[in-house]
Amino acid sequence: MSRFDSILLPLDGSTQAAKGVGCAMWLAETLGATLHVLHATAQALPAREALERLRVERGEQPAVIVHQLAGNAAAAVVEAITAYDVDLVVMSAGGESASAGLALHDRLGTVARAVIEQCPVPVLLLPLHYREALPWTSMLAAASGEVAADQALEAAAQLAAALGLRVTVVHSEDGTLAAYADTMHHEYPRRIEEMVERGLAGCATEECRCVEQALLRRGDPATVLLEQVAQRASSVLALGWHGAFEAGRALVLKRLLEQAACALLLVRGADGSGARLMVGGEINE
C-alpha cells in the first residue's frame, strides 16, 4: 500500500499556480491517491465550474475532490492537511501575483512561503523555471548529515518506491574540512553511508532498495545539486530544510528556487531520535 494516499493541490486560478495540475494529477493517478483541490475563495462555485476556473481537467481520474473555503489561503492549506489526512502537498512557488508579472523577482509567493514554513508533511514545490516532464524517471536527494536531510531522504525513498523510481543521494564537500589528502577516499565514503543509513531508518526494505547509489562531490552545495540534476535529468530533488526563510537562512533552497527546473520535494525538519538501520550492500543494489 502506498504511503501517499491523499494529495493536496492548492490553486488560485492563475497560470502559475496551475503549473502544479499536471504533476498532481499524474501522481494521484499513479499512486491511486485521492486528489484534493483547494481554493480559498469567498464565492463558491459548482464543483465542475470551479475545476474549470482552476484549470483542472478531470479527465478519467475519478478521485478528484474540490474544496472551496473562505479565509486566508495559507491557513486553509494547513488546516486541510489535517482535515483530509493529506500525505503530500503539490504547489507552485508562485501564484496570482507571479502570473500578473508583479513578483517575478521573488523566489516564493507569500502563500507558498507560509505553507512550506508550517507544513507538517512533504511539499512538492514547483519553482518559477519548472519544466513539466512526465512521467518522472529518477530522483536526487541531498545529504548533509542533519536530521532534516535524513527525513527528506526517507520521504524520497518512500515516494520513489511507490512510483517505481531510483534515488541517487548526493553529498557536497567544499574542501574546508579535509584534514589530509586521502580524506575523500577513506573517511567521507563511510560518513555518507552512515547518512544514508540514518535517512532510511524508518523505511521498509523495498523502500531502502530504491536508493541506487550515494555520491560525494566537491563544491558549493547548490552548484553541485544543480549540476547533478542536469547530468542525471532528475525529475525531482529532495532536500530537508529548517523552516526559516528569512535573511541569511535557507541559502541553498533560495538558489534552487531561482535556478532549478525540476520539482523540489521539501521536508521541514522536525525533532527526531536519529535511530539508525544498517542496510549494508542494499544501498547499491
# chains A, B, ... in the order shown; residues from 1 in each chain; ligands from 1

call {"tool": "select_by_dssp", "arguments": {"residues": "range 48-237 of chain A", "states": "strand (DSSP E or B)", "output": "JSON list (two decimals) with N, CA and C atoms, in the first residue's frame"}}
result
[["chain", "number", "residue", "atom", "x", "y", "z"],
["A", 64, "VAL", "N", -11.04, 13.07, -7.63],
["A", 64, "VAL", "CA", -10.68, 14.48, -7.51],
["A", 64, "VAL", "C", -11.81, 15.18, -6.76],
["A", 65, "ILE", "N", -11.46, 15.80, -5.64],
["A", 65, "ILE", "CA", -12.44, 16.49, -4.81],
["A", 65, "ILE", "C", -12.03, 17.95, -4.70],
["A", 66, "VAL", "N", -12.94, 18.86, -4.99],
["A", 66, "VAL", "CA", -12.64, 20.28, -4.89],
["A", 66, "VAL", "C", -13.22, 20.83, -3.59],
["A", 67, "HIS", "N", -12.40, 21.60, -2.89],
["A", 67, "HIS", "CA", -12.81, 22.23, -1.63],
["A", 67, "HIS", "C", -12.68, 23.74, -1.80],
["A", 68, "GLN", "N", -13.75, 24.45, -1.58],
["A", 68, "GLN", "CA", -13.75, 25.91, -1.69],
["A", 68, "GLN", "C", -14.00, 26.49, -0.30],
["A", 69, "LEU", "N", -12.98, 27.13, 0.26],
["A", 69, "LEU", "CA", -13.05, 27.60, 1.63],
["A", 69, "LEU", "C", -12.81, 29.09, 1.70],
["A", 88, "LEU", "N", 0.86, 14.52, 1.07],
["A", 88, "LEU", "CA", 1.76, 15.28, 0.21],
["A", 88, "LEU", "C", 1.03, 16.50, -0.33],
["A", 89, "VAL", "N", 1.71, 17.65, -0.30],
["A", 89, "VAL", "CA", 1.16, 18.87, -0.88],
["A", 89, "VAL", "C", 1.93, 19.17, -2.16],
["A", 90, "VAL", "N", 1.21, 19.47, -3.23],
["A", 90, "VAL", "CA", 1.83, 19.86, -4.51],
["A", 90, "VAL", "C", 1.41, 21.28, -4.81],
["A", 91, "MET", "N", 2.38, 22.17, -5.02],
["A", 91, "MET", "CA", 2.02, 23.56, -5.31],
["A", 91, "MET", "C", 3.14, 24.29, -6.03],
["A", 92, "SER", "N", 2.75, 25.33, -6.76],
["A", 92, "SER", "CA", 3.71, 26.18, -7.45],
["A", 92, "SER", "C", 4.31, 27.16, -6.45],
["A", 123, "VAL", "N", 6.30, 18.79, 0.95],
["A", 123, "VAL", "CA", 5.70, 19.68, -0.05],
["A", 123, "VAL", "C", 6.48, 19.54, -1.35],
["A", 124, "LEU", "N", 5.79, 19.21, -2.42],
["A", 124, "LEU", "CA", 6.41, 19.17, -3.74],
["A", 124, "LEU", "C", 6.22, 20.56, -4.35],
["A", 125, "LEU", "N", 7.30, 21.35, -4.34],
["A", 125, "LEU", "CA", 7.24, 22.74, -4.76],
["A", 125, "LEU", "C", 7.79, 22.87, -6.17],
["A", 126, "LEU", "N", 7.05, 23.57, -7.03],
["A", 126, "LEU", "CA", 7.46, 23.75, -8.42],
["A", 126, "LEU", "C", 7.98, 25.17, -8.59],
["A", 139, "MET", "N", 15.05, 10.28, -9.10],
["A", 139, "MET", "CA", 15.10, 11.27, -8.03],
["A", 139, "MET", "C", 16.53, 11.50, -7.57],
["A", 140, "LEU", "N", 16.75, 12.70, -7.05],
["A", 140, "LEU", "CA", 18.02, 13.05, -6.42],
["A", 140, "LEU", "C", 17.69, 13.50, -5.01],
["A", 141, "ALA", "N", 18.50, 13.09, -4.04],
["A", 141, "ALA", "CA", 18.28, 13.50, -2.65],
["A", 141, "ALA", "C", 19.57, 14.09, -2.10],
["A", 142, "ALA", "N", 19.45, 15.24, -1.45],
["A", 142, "ALA", "CA", 20.62, 15.91, -0.87],
["A", 142, "ALA", "C", 20.88, 15.39, 0.53],
["A", 167, "VAL", "N", 16.67, 6.33, -6.60],
["A", 167, "VAL", "CA", 17.13, 7.55, -5.93],
["A", 167, "VAL", "C", 18.65, 7.57, -5.88],
["A", 168, "THR", "N", 19.24, 8.70, -6.25],
["A", 168, "THR", "CA", 20.67, 8.92, -6.07],
["A", 168, "THR", "C", 20.85, 9.94, -4.95],
["A", 169, "VAL", "N", 21.69, 9.61, -3.97],
["A", 169, "VAL", "CA", 21.97, 10.52, -2.86],
["A", 169, "VAL", "C", 23.27, 11.25, -3.15],
["A", 170, "VAL", "N", 23.29, 12.56, -2.94],
["A", 170, "VAL", "CA", 24.48, 13.36, -3.21],
["A", 170, "VAL", "C", 24.83, 14.19, -1.98],
["A", 171, "HIS", "N", 26.10, 14.13, -1.60],
["A", 171, "HIS", "CA", 26.62, 14.99, -0.52],
["A", 171, "HIS", "C", 27.74, 15.83, -1.10],
["A", 172, "SER", "N", 27.69, 17.13, -0.86],
["A", 172, "SER", "CA", 28.73, 18.02, -1.37],
["A", 172, "SER", "C", 29.69, 18.38, -0.24],
["A", 173, "GLU", "N", 30.97, 18.50, -0.59],
["A", 173, "GLU", "CA", 32.02, 18.84, 0.36],
["A", 173, "GLU", "C", 32.83, 19.97, -0.25],
["A", 211, "VAL", "N", 17.24, 3.29, -3.16],
["A", 211, "VAL", "CA", 18.44, 4.12, -3.18],
["A", 211, "VAL", "C", 19.52, 3.38, -3.96],
["A", 212, "GLU", "N", 19.80, 3.90, -5.15],
["A", 212, "GLU", "CA", 20.69, 3.20, -6.08],
["A", 212, "GLU", "C", 22.16, 3.44, -5.79],
["A", 213, "GLN", "N", 22.51, 4.68, -5.44],
["A", 213, "GLN", "CA", 23.90, 5.00, -5.17],
["A", 213, "GLN", "C", 24.00, 6.26, -4.32],
["A", 214, "ALA", "N", 25.16, 6.40, -3.65],
["A", 214, "ALA", "CA", 25.44, 7.58, -2.85],
["A", 214, "ALA", "C", 26.75, 8.19, -3.34],
["A", 215, "LEU", "N", 26.73, 9.47, -3.65],
["A", 215, "LEU", "CA", 27.87, 10.13, -4.26],
["A", 215, "LEU", "C", 28.42, 11.24, -3.39],
["A", 216, "LEU", "N", 29.73, 11.45, -3.44],
["A", 216, "LEU", "CA", 30.37, 12.58, -2.80],
["A", 216, "LEU", "C", 30.95, 13.47, -3.90],
["A", 217, "ARG", "N", 30.62, 14.76, -3.86],
["A", 217, "ARG", "CA", 31.12, 15.70, -4.85],
["A", 217, "ARG", "C", 31.65, 16.95, -4.15],
["A", 218, "ARG", "N", 32.74, 17.48, -4.65],
["A", 218, "ARG", "CA", 33.30, 18.72, -4.11],
["A", 218, "ARG", "C", 32.57, 19.92, -4.69],
["A", 236, "VAL", "N", 13.00, 15.09, -9.86],
["A", 236, "VAL", "CA", 12.71, 15.75, -8.59],
["A", 236, "VAL", "C", 13.95, 15.71, -7.70],
["A", 237, "LEU", "N", 14.13, 16.77, -6.92],
["A", 237, "LEU", "CA", 15.24, 16.88, -5.98],
["A", 237, "LEU", "C", 14.66, 17.00, -4.59]]

call {"tool": "closest_residue", "arguments": {"among": "A:Cys203, A:Leu54, A:Ala148, A:Ala17", "to": "Val111 in chain A", "atoms": "only C-alpha atoms"}}
result
A:Ala17

call {"tool": "residues_around", "arguments": {"residues": "Cys262 in chain A", "least_positions_apart": "2", "cutoff": "10 Å", "atoms": "only C-alpha atoms", "output": "list in words"}}
result
Leu125, Leu126, Pro127, Leu128, His129, Tyr130, Arg131, Glu132, Ala133, Met139, Leu226, Val229, Ala230, Ala233, Ser234, Ser235, Val236, Leu237, Leu256, Leu257, Gln259, Ala260, Leu264 and Leu265 of chain A

call {"tool": "write_last_selection", "arguments": {"atoms": "N, CA and C atoms", "output": "mmCIF file, in the first residue's frame"}}
result
data_model
loop_
_atom_site.group_PDB
_atom_site.id
_atom_site.type_symbol
_atom_site.label_atom_id
_atom_site.label_comp_id
_atom_site.auth_asym_id
_atom_site.auth_seq_id
_atom_site.Cartn_x
_atom_site.Cartn_y
_atom_site.Cartn_z
ATOM 1 N N LEU A 125 7.298 21.345 -4.336
ATOM 2 C CA LEU A 125 7.235 22.737 -4.758
ATOM 3 C C LEU A 125 7.785 22.870 -6.174
ATOM 4 N N LEU A 126 7.048 23.572 -7.031
ATOM 5 C CA LEU A 126 7.459 23.749 -8.419
ATOM 6 C C LEU A 126 7.982 25.171 -8.595
ATOM 7 N N PRO A 127 9.301 25.333 -8.794
ATOM 8 C CA PRO A 127 9.892 26.670 -8.875
ATOM 9 C C PRO A 127 9.507 27.406 -10.150
ATOM 10 N N LEU A 128 9.889 28.677 -10.213
ATOM 11 C CA LEU A 128 9.493 29.544 -11.323
ATOM 12 C C LEU A 128 9.857 28.961 -12.678
ATOM 13 N N HIS A 129 11.051 28.331 -12.786
ATOM 14 C CA HIS A 129 11.531 27.813 -14.069
ATOM 15 C C HIS A 129 11.217 26.326 -14.250
ATOM 16 N N TYR A 130 10.288 25.815 -13.467
ATOM 17 C CA TYR A 130 9.909 24.404 -13.568
ATOM 18 C C TYR A 130 9.438 24.064 -14.974
ATOM 19 N N ARG A 131 9.958 22.934 -15.473
ATOM 20 C CA ARG A 131 9.537 22.423 -16.777
ATOM 21 C C ARG A 131 8.927 21.036 -16.565
ATOM 22 N N GLU A 132 7.669 20.910 -16.909
ATOM 23 C CA GLU A 132 6.985 19.636 -16.687
ATOM 24 C C GLU A 132 7.519 18.560 -17.619
ATOM 25 N N ALA A 133 7.860 17.416 -17.042
ATOM 26 C CA ALA A 133 8.319 16.253 -17.804
ATOM 27 C C ALA A 133 7.785 15.015 -17.098
ATOM 28 N N MET A 139 15.054 10.282 -9.095
ATOM 29 C CA MET A 139 15.099 11.275 -8.028
ATOM 30 C C MET A 139 16.533 11.503 -7.569
ATOM 31 N N LEU A 226 22.553 21.399 -8.557
ATOM 32 C CA LEU A 226 22.073 21.818 -9.879
ATOM 33 C C LEU A 226 22.800 21.055 -10.989
ATOM 34 N N VAL A 229 21.461 17.408 -11.014
ATOM 35 C CA VAL A 229 20.123 17.361 -11.602
ATOM 36 C C VAL A 229 20.217 17.399 -13.118
ATOM 37 N N ALA A 230 21.071 18.296 -13.637
ATOM 38 C CA ALA A 230 21.224 18.429 -15.083
ATOM 39 C C ALA A 230 21.856 17.182 -15.695
ATOM 40 N N ALA A 233 19.333 14.289 -15.434
ATOM 41 C CA ALA A 233 17.962 14.602 -15.863
ATOM 42 C C ALA A 233 16.967 14.176 -14.794
ATOM 43 N N SER A 234 17.286 14.517 -13.544
ATOM 44 C CA SER A 234 16.442 14.128 -12.414
ATOM 45 C C SER A 234 15.093 14.830 -12.479
ATOM 46 N N SER A 235 14.042 14.104 -12.175
ATOM 47 C CA SER A 235 12.696 14.661 -12.210
ATOM 48 C C SER A 235 12.377 15.470 -10.962
ATOM 49 N N VAL A 236 13.002 15.090 -9.859
ATOM 50 C CA VAL A 236 12.712 15.751 -8.588
ATOM 51 C C VAL A 236 13.946 15.713 -7.702
ATOM 52 N N LEU A 237 14.127 16.772 -6.922
ATOM 53 C CA LEU A 237 15.238 16.879 -5.984
ATOM 54 C C LEU A 237 14.664 16.996 -4.588
ATOM 55 N N LEU A 256 18.174 27.240 -5.349
ATOM 56 C CA LEU A 256 17.453 26.247 -6.139
ATOM 57 C C LEU A 256 16.137 26.810 -6.656
ATOM 58 N N LEU A 257 15.456 27.593 -5.840
ATOM 59 C CA LEU A 257 14.205 28.207 -6.275
ATOM 60 C C LEU A 257 14.421 29.169 -7.434
ATOM 61 N N GLN A 259 16.947 28.841 -9.760
ATOM 62 C CA GLN A 259 17.565 28.254 -10.940
ATOM 63 C C GLN A 259 17.074 26.863 -11.329
ATOM 64 N N ALA A 260 16.520 26.119 -10.415
ATOM 65 C CA ALA A 260 16.141 24.733 -10.728
ATOM 66 C C ALA A 260 14.956 24.676 -11.686
ATOM 67 N N LEU A 264 10.909 20.308 -6.526
ATOM 68 C CA LEU A 264 11.657 20.232 -5.277
ATOM 69 C C LEU A 264 10.781 19.597 -4.208
ATOM 70 N N LEU A 265 11.208 18.467 -3.674
ATOM 71 C CA LEU A 265 10.479 17.803 -2.597
ATOM 72 C C LEU A 265 11.060 18.298 -1.283
#

call {"tool": "residues_around", "arguments": {"residues": "Ala160 in chain A", "least_positions_apart": "3", "cutoff": "9 Å", "atoms": "only C-alpha atoms", "output": "list in words"}}
result
Ser138, Met139, Ala155, Ala156, Ala157, Leu163, Gly164, Leu165, Arg166, Val167, Glu207, Cys210 and Val211 of chain A

call {"tool": "write_last_selection", "arguments": {"atoms": "all heavy atoms", "output": "mmCIF file, in the first residue's frame"}}
result
data_model
loop_
_atom_site.group_PDB
_atom_site.id
_atom_site.type_symbol
_atom_site.label_atom_id
_atom_site.label_comp_id
_atom_site.auth_asym_id
_atom_site.auth_seq_id
_atom_site.Cartn_x
_atom_site.Cartn_y
_atom_site.Cartn_z
ATOM 1 N N SER A 138 13.606 9.670 -12.391
ATOM 2 C CA SER A 138 14.545 9.420 -11.293
ATOM 3 C C SER A 138 14.476 10.551 -10.272
ATOM 4 O O SER A 138 13.929 11.618 -10.550
ATOM 5 C CB SER A 138 15.975 9.298 -11.820
ATOM 6 O OG SER A 138 16.403 10.535 -12.381
ATOM 7 N N MET A 139 15.054 10.282 -9.095
ATOM 8 C CA MET A 139 15.099 11.275 -8.028
ATOM 9 C C MET A 139 16.533 11.503 -7.569
ATOM 10 O O MET A 139 17.371 10.603 -7.652
ATOM 11 C CB MET A 139 14.286 10.814 -6.811
ATOM 12 C CG MET A 139 12.800 10.760 -7.000
ATOM 13 S SD MET A 139 12.010 10.509 -5.379
ATOM 14 C CE MET A 139 10.331 10.230 -5.911
ATOM 15 N N ALA A 155 11.476 10.420 2.995
ATOM 16 C CA ALA A 155 10.310 10.734 2.163
ATOM 17 C C ALA A 155 10.582 10.406 0.702
ATOM 18 O O ALA A 155 9.715 9.883 -0.002
ATOM 19 C CB ALA A 155 9.948 12.207 2.318
ATOM 20 N N ALA A 156 11.798 10.702 0.232
ATOM 21 C CA ALA A 156 12.154 10.426 -1.160
ATOM 22 C C ALA A 156 12.121 8.931 -1.446
ATOM 23 O O ALA A 156 11.595 8.494 -2.483
ATOM 24 C CB ALA A 156 13.540 10.996 -1.469
ATOM 25 N N ALA A 157 12.675 8.123 -0.537
ATOM 26 C CA ALA A 157 12.699 6.672 -0.738
ATOM 27 C C ALA A 157 11.286 6.097 -0.728
ATOM 28 O O ALA A 157 10.954 5.213 -1.526
ATOM 29 C CB ALA A 157 13.554 6.017 0.344
ATOM 30 N N LEU A 163 6.426 4.834 -6.666
ATOM 31 C CA LEU A 163 6.395 5.179 -8.096
ATOM 32 C C LEU A 163 7.291 4.278 -8.944
ATOM 33 O O LEU A 163 7.307 4.397 -10.173
ATOM 34 C CB LEU A 163 6.834 6.638 -8.287
ATOM 35 C CG LEU A 163 5.913 7.706 -7.679
ATOM 36 C CD1 LEU A 163 6.585 9.076 -7.751
ATOM 37 C CD2 LEU A 163 4.566 7.733 -8.397
ATOM 38 N N GLY A 164 8.071 3.412 -8.289
ATOM 39 C CA GLY A 164 8.973 2.525 -9.029
ATOM 40 C C GLY A 164 10.176 3.242 -9.588
ATOM 41 O O GLY A 164 10.645 2.930 -10.689
ATOM 42 N N LEU A 165 10.737 4.210 -8.836
ATOM 43 C CA LEU A 165 11.878 5.000 -9.292
ATOM 44 C C LEU A 165 13.111 4.707 -8.461
ATOM 45 O O LEU A 165 13.041 4.141 -7.370
ATOM 46 C CB LEU A 165 11.551 6.498 -9.199
ATOM 47 C CG LEU A 165 10.334 6.986 -9.980
ATOM 48 C CD1 LEU A 165 10.122 8.468 -9.736
ATOM 49 C CD2 LEU A 165 10.486 6.686 -11.461
ATOM 50 N N ARG A 166 14.263 5.134 -8.978
ATOM 51 C CA ARG A 166 15.534 5.015 -8.281
ATOM 52 C C ARG A 166 15.962 6.369 -7.732
ATOM 53 O O ARG A 166 15.682 7.407 -8.323
ATOM 54 C CB ARG A 166 16.614 4.475 -9.222
ATOM 55 C CG ARG A 166 16.384 3.035 -9.659
ATOM 56 C CD ARG A 166 16.535 2.095 -8.483
ATOM 57 N NE ARG A 166 16.383 0.693 -8.871
ATOM 58 C CZ ARG A 166 16.481 -0.318 -8.016
ATOM 59 N NH1 ARG A 166 16.730 -0.076 -6.743
ATOM 60 N NH2 ARG A 166 16.320 -1.558 -8.425
ATOM 61 N N VAL A 167 16.672 6.330 -6.597
ATOM 62 C CA VAL A 167 17.126 7.551 -5.935
ATOM 63 C C VAL A 167 18.654 7.566 -5.883
ATOM 64 O O VAL A 167 19.278 6.570 -5.504
ATOM 65 C CB VAL A 167 16.582 7.645 -4.494
ATOM 66 C CG1 VAL A 167 17.069 8.929 -3.812
ATOM 67 C CG2 VAL A 167 15.061 7.576 -4.493
ATOM 68 N N GLU A 207 11.741 -0.094 0.190
ATOM 69 C CA GLU A 207 11.978 1.343 0.052
ATOM 70 C C GLU A 207 13.471 1.648 0.120
ATOM 71 O O GLU A 207 13.977 2.491 -0.628
ATOM 72 C CB GLU A 207 11.212 2.103 1.126
ATOM 73 C CG GLU A 207 9.702 2.001 0.960
ATOM 74 C CD GLU A 207 8.923 2.499 2.156
ATOM 75 O OE1 GLU A 207 9.508 2.605 3.266
ATOM 76 O OE2 GLU A 207 7.716 2.781 2.006
ATOM 77 N N CYS A 210 15.399 1.323 -3.130
ATOM 78 C CA CYS A 210 15.234 2.347 -4.166
ATOM 79 C C CYS A 210 16.442 3.268 -4.253
ATOM 80 O O CYS A 210 16.641 3.942 -5.259
ATOM 81 C CB CYS A 210 13.980 3.190 -3.895
ATOM 82 S SG CYS A 210 12.447 2.307 -4.181
ATOM 83 N N VAL A 211 17.242 3.291 -3.164
ATOM 84 C CA VAL A 211 18.444 4.122 -3.177
ATOM 85 C C VAL A 211 19.519 3.380 -3.956
ATOM 86 O O VAL A 211 20.064 2.377 -3.507
ATOM 87 C CB VAL A 211 18.922 4.442 -1.745
ATOM 88 C CG1 VAL A 211 20.212 5.252 -1.787
ATOM 89 C CG2 VAL A 211 17.839 5.206 -1.001
#

call {"tool": "atom_distance", "arguments": {"atom1": "CA of Gln43 in chain A", "atom2": "CA of Pro122 in chain A"}}
result
29.4 Å

call {"tool": "atom_distance", "arguments": {"atom1": "CA of His242 in chain A", "atom2": "CA of Glu146 in chain A"}}
result
9.7 Å

call {"tool": "atom_distance", "arguments": {"atom1": "CA of Gly13 in chain A", "atom2": "CA of Arg55 in chain A"}}
result
6.8 Å

call {"tool": "select_by_dssp", "arguments": {"residues": "range 33-252 of chain A", "states": "helix (DSSP H, G or I)", "output": "ChimeraX atom specification"}}
result
/A:47-53,73-83,96-99,110-118,147-163,183-199,205-208,221-232,251-252

call {"tool": "residues_around", "arguments": {"residues": "Ala114 in chain A", "least_positions_apart": "5", "cutoff": "10 Å", "atoms": "only C-alpha atoms", "output": "compact mmCIF listing (two decimals) with N, CA, C and O atoms, in the first residue's frame"}}
result
# COMPACT_ATOMS: atom_id res chain seq x y z
N ALA A 73 -5.57 31.89 2.61
CA ALA A 73 -5.22 30.73 1.79
C ALA A 73 -4.22 29.82 2.49
O ALA A 73 -4.38 28.59 2.49
N ALA A 74 -3.16 30.38 3.06
CA ALA A 74 -2.14 29.55 3.72
C ALA A 74 -2.73 28.80 4.90
O ALA A 74 -2.46 27.61 5.10
N ALA A 75 -3.55 29.48 5.69
CA ALA A 75 -4.18 28.83 6.84
C ALA A 75 -5.10 27.72 6.38
O ALA A 75 -5.18 26.65 7.00
N VAL A 77 -4.74 25.86 3.73
CA VAL A 77 -3.92 24.72 3.33
C VAL A 77 -3.51 23.90 4.54
O VAL A 77 -3.64 22.67 4.57
N VAL A 78 -2.99 24.58 5.56
CA VAL A 78 -2.51 23.88 6.76
C VAL A 78 -3.66 23.15 7.45
O VAL A 78 -3.51 22.00 7.90
N LEU A 108 9.59 33.12 -3.83
CA LEU A 108 8.39 32.45 -3.34
C LEU A 108 7.25 33.45 -3.21
O LEU A 108 7.46 34.59 -2.79
N GLY A 109 6.06 32.99 -3.54
CA GLY A 109 4.88 33.78 -3.24
C GLY A 109 4.59 33.73 -1.74
O GLY A 109 5.11 32.85 -1.03
N CYS A 119 4.12 23.61 7.03
CA CYS A 119 3.55 22.33 6.61
C CYS A 119 4.19 21.14 7.34
O CYS A 119 5.41 20.99 7.34
N GLY A 243 12.97 25.35 7.91
CA GLY A 243 11.70 26.03 8.01
C GLY A 243 11.78 27.53 8.21
O GLY A 243 10.76 28.17 8.44
N PHE A 245 12.96 31.07 6.37
CA PHE A 245 13.31 31.60 5.06
C PHE A 245 13.79 33.05 5.14
O PHE A 245 13.95 33.71 4.14

call {"tool": "closest_residue", "arguments": {"among": "A:Ser2, A:Glu197, A:Arg113, A:Ser144", "to": "Glu246 in chain A", "atoms": "only C-alpha atoms"}}
result
A:Arg113

call {"tool": "closest_residue", "arguments": {"among": "A:Leu31, A:Ala93, A:Ile116, A:Cys208", "to": "Ala250 in chain A", "atoms": "only C-alpha atoms"}}
result
A:Ile116
